[in-house]
>>> print(open('run_34.txt').read())   # compact mmCIF, C-alpha atoms
# COMPACT_ATOMS: atom_id res chain seq x y z
CA MET A 986 0.00 0.00 0.00
CA ASN A 987 1.23 3.51 -0.77
CA PHE A 988 0.14 5.19 2.47
CA ASP A 989 2.02 5.29 5.77
CA ASP A 990 -0.80 6.42 8.04
CA LYS A 991 -2.16 4.13 10.77
CA PHE A 992 -5.64 3.86 9.25
CA SER A 993 -4.27 2.64 5.91
CA LYS A 994 -1.90 0.18 7.54
CA ASP A 995 -4.68 -1.21 9.76
CA PHE A 996 -7.05 -1.42 6.79
CA GLU A 997 -4.46 -3.26 4.72
CA GLU A 998 -3.73 -5.67 7.57
CA GLN A 999 -7.45 -6.43 7.96
CA PHE A 1000 -7.84 -6.86 4.21
CA GLN A 1001 -4.98 -9.37 4.10
CA LYS A 1002 -6.48 -11.34 7.02
CA HIS A 1003 -9.87 -11.45 5.30
CA LEU A 1004 -8.29 -12.44 2.00
CA GLN A 1005 -6.42 -15.32 3.65
CA ALA A 1006 -9.65 -16.48 5.30
CA VAL A 1007 -11.50 -16.41 1.98
CA ARG A 1008 -8.70 -18.23 0.20
CA GLY A 1009 -8.79 -20.85 2.95
CA ILE A 1010 -12.31 -21.94 2.00
CA SER A 1011 -12.01 -25.20 0.15
CA PRO A 1012 -13.72 -25.87 -3.20
CA GLU A 1013 -15.65 -28.64 -1.45
CA ASP A 1014 -17.00 -26.17 1.12
CA PHE A 1015 -18.02 -23.76 -1.63
CA GLU A 1016 -19.83 -26.62 -3.37
CA LYS A 1017 -21.66 -27.53 -0.15
CA ILE A 1018 -22.69 -23.90 0.31
CA LYS A 1019 -23.93 -23.76 -3.26
CA GLN A 1020 -25.95 -26.99 -2.89
CA ASN A 1021 -27.47 -25.85 0.40
CA LEU A 1022 -28.44 -22.49 -1.05
CA GLN A 1023 -30.09 -24.20 -4.02
CA ILE A 1024 -32.16 -26.31 -1.63
CA VAL A 1025 -33.15 -23.25 0.40
CA PHE A 1026 -34.14 -21.31 -2.72
CA LYS A 1027 -36.25 -24.23 -3.99
CA LEU A 1028 -38.04 -24.39 -0.63
CA LEU A 1029 -38.58 -20.64 -0.62
CA GLU A 1030 -39.96 -20.73 -4.16
CA LYS A 1031 -42.32 -23.52 -3.17
CA PHE A 1032 -43.38 -21.55 -0.10
CA LYS A 1033 -43.85 -18.37 -2.12
CA ASN A 1034 -46.25 -20.18 -4.46
CA LYS A 1035 -48.27 -21.65 -1.60
CA PRO A 1036 -51.77 -20.18 -1.98
CA ASP A 1037 -52.94 -20.02 1.64
CA LYS A 1038 -50.17 -18.89 3.94
CA THR A 1039 -50.91 -19.20 7.63
CA PRO A 1040 -49.54 -16.85 10.29
CA GLU A 1041 -47.10 -19.63 11.20
CA ASP A 1042 -45.94 -19.75 7.57
CA LEU A 1043 -45.31 -16.01 7.62
CA GLU A 1044 -43.43 -16.40 10.91
CA GLN A 1045 -41.25 -19.09 9.36
CA LEU A 1046 -40.61 -16.88 6.35
CA ALA A 1047 -39.52 -14.03 8.62
CA ALA A 1048 -37.20 -16.38 10.53
CA ILE A 1049 -35.67 -17.75 7.34
CA THR A 1050 -35.22 -14.26 5.94
CA SER A 1051 -33.49 -13.02 9.08
CA ARG A 1052 -31.13 -16.01 9.00
CA LEU A 1053 -30.34 -15.57 5.31
CA LYS A 1054 -29.45 -11.86 5.56
CA PRO A 1055 -26.12 -12.44 7.38
CA LEU A 1056 -25.28 -15.24 4.95
CA LEU A 1057 -25.96 -12.95 2.01
CA GLN A 1058 -23.78 -10.26 3.62
CA ASN A 1059 -20.95 -12.79 4.04
CA ILE A 1060 -21.20 -13.80 0.40
CA GLU A 1061 -21.16 -10.15 -0.68
CA ASP A 1062 -18.12 -9.53 1.54
CA ILE A 1063 -16.31 -12.50 -0.02
CA ASN A 1064 -17.16 -11.15 -3.47
CA LEU A 1065 -15.79 -7.70 -2.57
CA ILE A 1066 -12.60 -9.12 -1.05
CA LEU A 1067 -11.91 -11.32 -4.07
CA GLY A 1068 -12.76 -8.49 -6.46
CA GLU A 1069 -10.33 -6.15 -4.71
CA SER A 1070 -7.64 -8.81 -4.76
CA LEU A 1071 -8.14 -9.36 -8.50
CA ASN A 1072 -8.08 -5.62 -9.09
CA ARG A 1073 -4.78 -5.27 -7.25
CA GLN A 1074 -3.26 -8.19 -9.14
CA SER A 1075 -4.42 -6.75 -12.45
CA ILE A 1076 -2.89 -3.36 -11.69
CA ALA A 1077 0.38 -4.97 -10.58
CA TYR A 1078 0.52 -7.02 -13.78
CA TYR A 1079 -0.24 -3.98 -15.92
CA GLU A 1080 2.37 -1.85 -14.14
CA ASN A 1081 5.02 -4.55 -14.60
CA VAL A 1082 4.20 -4.97 -18.30
CA LYS A 1083 4.28 -1.19 -18.75
CA LYS A 1084 7.70 -1.01 -17.07
CA LEU A 1085 9.06 -3.81 -19.27
CA ALA A 1086 7.63 -2.12 -22.38
CA LYS A 1087 9.34 1.16 -21.46
CA GLU A 1088 12.59 -0.79 -21.06
CA GLY A 1089 12.26 -2.03 -24.65
CA ASP A 1090 10.78 -5.50 -24.27
CA LYS A 1091 8.84 -6.01 -27.54
CA GLU A 1092 6.56 -8.78 -26.22
CA ALA A 1093 5.71 -6.70 -23.17
CA GLU A 1094 5.00 -3.74 -25.44
CA LYS A 1095 2.40 -5.76 -27.36
CA ILE A 1096 0.70 -6.77 -24.12
CA TYR A 1097 0.95 -3.22 -22.77
CA LEU A 1098 -0.72 -1.79 -25.87
CA ASP A 1099 -3.51 -4.37 -25.58
CA LEU A 1100 -4.11 -3.51 -21.93
CA LYS A 1101 -3.51 0.22 -22.09
CA MET A 1102 -7.04 1.16 -23.16
CA TYR A 1103 -8.47 -0.62 -20.09
CA PHE A 1104 -6.10 1.06 -17.63
CA GLU A 1105 -5.19 4.45 -19.09
CA LYS A 1106 -8.23 6.23 -17.62
CA PHE A 1107 -7.04 5.24 -14.15
CA ASP A 1108 -3.30 5.38 -14.74
CA PRO A 1109 -1.75 8.61 -13.37
CA ASN A 1110 1.62 7.80 -14.99
>>> encode(input="run_34.txt", output="structure tokens")
Amino acid sequence: MNFDDKFSKDFEEQFQKHLQAVRGISPEDFEKIKQNLQIVFKLLEKFKNKPDKTPEDLEQLAAITSRLKPLLQNIEDINLILGESLNRQSIAYYENVKKLAKEGDKEAEKIYLDLKMYFEKFDPN
């Protein structure tokens, strides 16, 4: 990170901890989560189409909804963390290719020219 203030350092440290936690989730666990969510969504769809909902049904729906909100937030957080990680990696790759192109590497120059249009709006250099 380019900033030396405490807030930025703390933020970066937290980001790295979260990123490691996300990367520690196994593909098997992601698959289980996906399967469980598909089951829940099928049940909710079935419930939604039920013609005569009782007060108990509505209570159950409220309970399910309140339990799903934190899960949805966790999934959104994972998505943001992974997106930020990919963004940082992309910028690092672009900056390295740009440096190599400026040093005269012809292959890097081809890649740099391909990528330039995607990064030049955000590239201060």
>>> closest_residue(input="run_34.txt", among="A:Ile1076, A:Ile1096, A:Met1102, A:Ile1063", to="Arg1008 in chain A", atoms="all atoms listed in the file")
A:Ile1063
>>> atom_distance(input="run_34.txt", atom1="CA of Tyr1079 in chain A", atom2="CA of Lys994 in chain A")
23.9 Å
>>> closest_residue(input="run_34.txt", among="A:Leu1053, A:Leu1098, A:Leu1065, A:Val1007", to="Leu1085 in chain A", atoms="only C-alpha atoms")
A:Leu1098
>>> closest_residue(input="run_34.txt", among="A:Phe1104, A:Ile1060, A:Glu1013, A:Gly1089", to="Asn1072 in chain A", atoms="only C-alpha atoms")
A:Phe1104
>>> residues_around(input="run_34.txt", residues="Glu1080 in chain A", least_positions_apart="2", cutoff="12 Å", atoms="only C-alpha atoms", output="number ranges by chain")
A: 1073-1078, 1082-1087, 1093-1094, 1096-1097, 1100-1101, 1104-1105, 1107-1110
>>> write_last_selection(input="run_34.txt", atoms="C-alpha atoms", output="PDB file, in the frame of the given file")
ATOM      1  CA  ARG A1073      -4.780  -5.270  -7.250  1.00  0.00           C
ATOM      2  CA  GLN A1074      -3.260  -8.190  -9.140  1.00  0.00           C
ATOM      3  CA  SER A1075      -4.420  -6.750 -12.450  1.00  0.00           C
ATOM      4  CA  ILE A1076      -2.890  -3.360 -11.690  1.00  0.00           C
ATOM      5  CA  ALA A1077       0.380  -4.970 -10.580  1.00  0.00           C
ATOM      6  CA  TYR A1078       0.520  -7.020 -13.780  1.00  0.00           C
ATOM      7  CA  VAL A1082       4.200  -4.970 -18.300  1.00  0.00           C
ATOM      8  CA  LYS A1083       4.280  -1.190 -18.750  1.00  0.00           C
ATOM      9  CA  LYS A1084       7.700  -1.010 -17.070  1.00  0.00           C
ATOM     10  CA  LEU A1085       9.060  -3.810 -19.270  1.00  0.00           C
ATOM     11  CA  ALA A1086       7.630  -2.120 -22.380  1.00  0.00           C
ATOM     12  CA  LYS A1087       9.340   1.160 -21.460  1.00  0.00           C
ATOM     13  CA  ALA A1093       5.710  -6.700 -23.170  1.00  0.00           C
ATOM     14  CA  GLU A1094       5.000  -3.740 -25.440  1.00  0.00           C
ATOM     15  CA  ILE A1096       0.700  -6.770 -24.120  1.00  0.00           C
ATOM     16  CA  TYR A1097       0.950  -3.220 -22.770  1.00  0.00           C
ATOM     17  CA  LEU A1100      -4.110  -3.510 -21.930  1.00  0.00           C
ATOM     18  CA  LYS A1101      -3.510   0.220 -22.090  1.00  0.00           C
ATOM     19  CA  PHE A1104      -6.100   1.060 -17.630  1.00  0.00           C
ATOM     20  CA  GLU A1105      -5.190   4.450 -19.090  1.00  0.00           C
ATOM     21  CA  PHE A1107      -7.040   5.240 -14.150  1.00  0.00           C
ATOM     22  CA  ASP A1108      -3.300   5.380 -14.740  1.00  0.00           C
ATOM     23  CA  PRO A1109      -1.750   8.610 -13.370  1.00  0.00           C
ATOM     24  CA  ASN A1110       1.620   7.800 -14.990  1.00  0.00           C
TER      25      ASN A1110
END
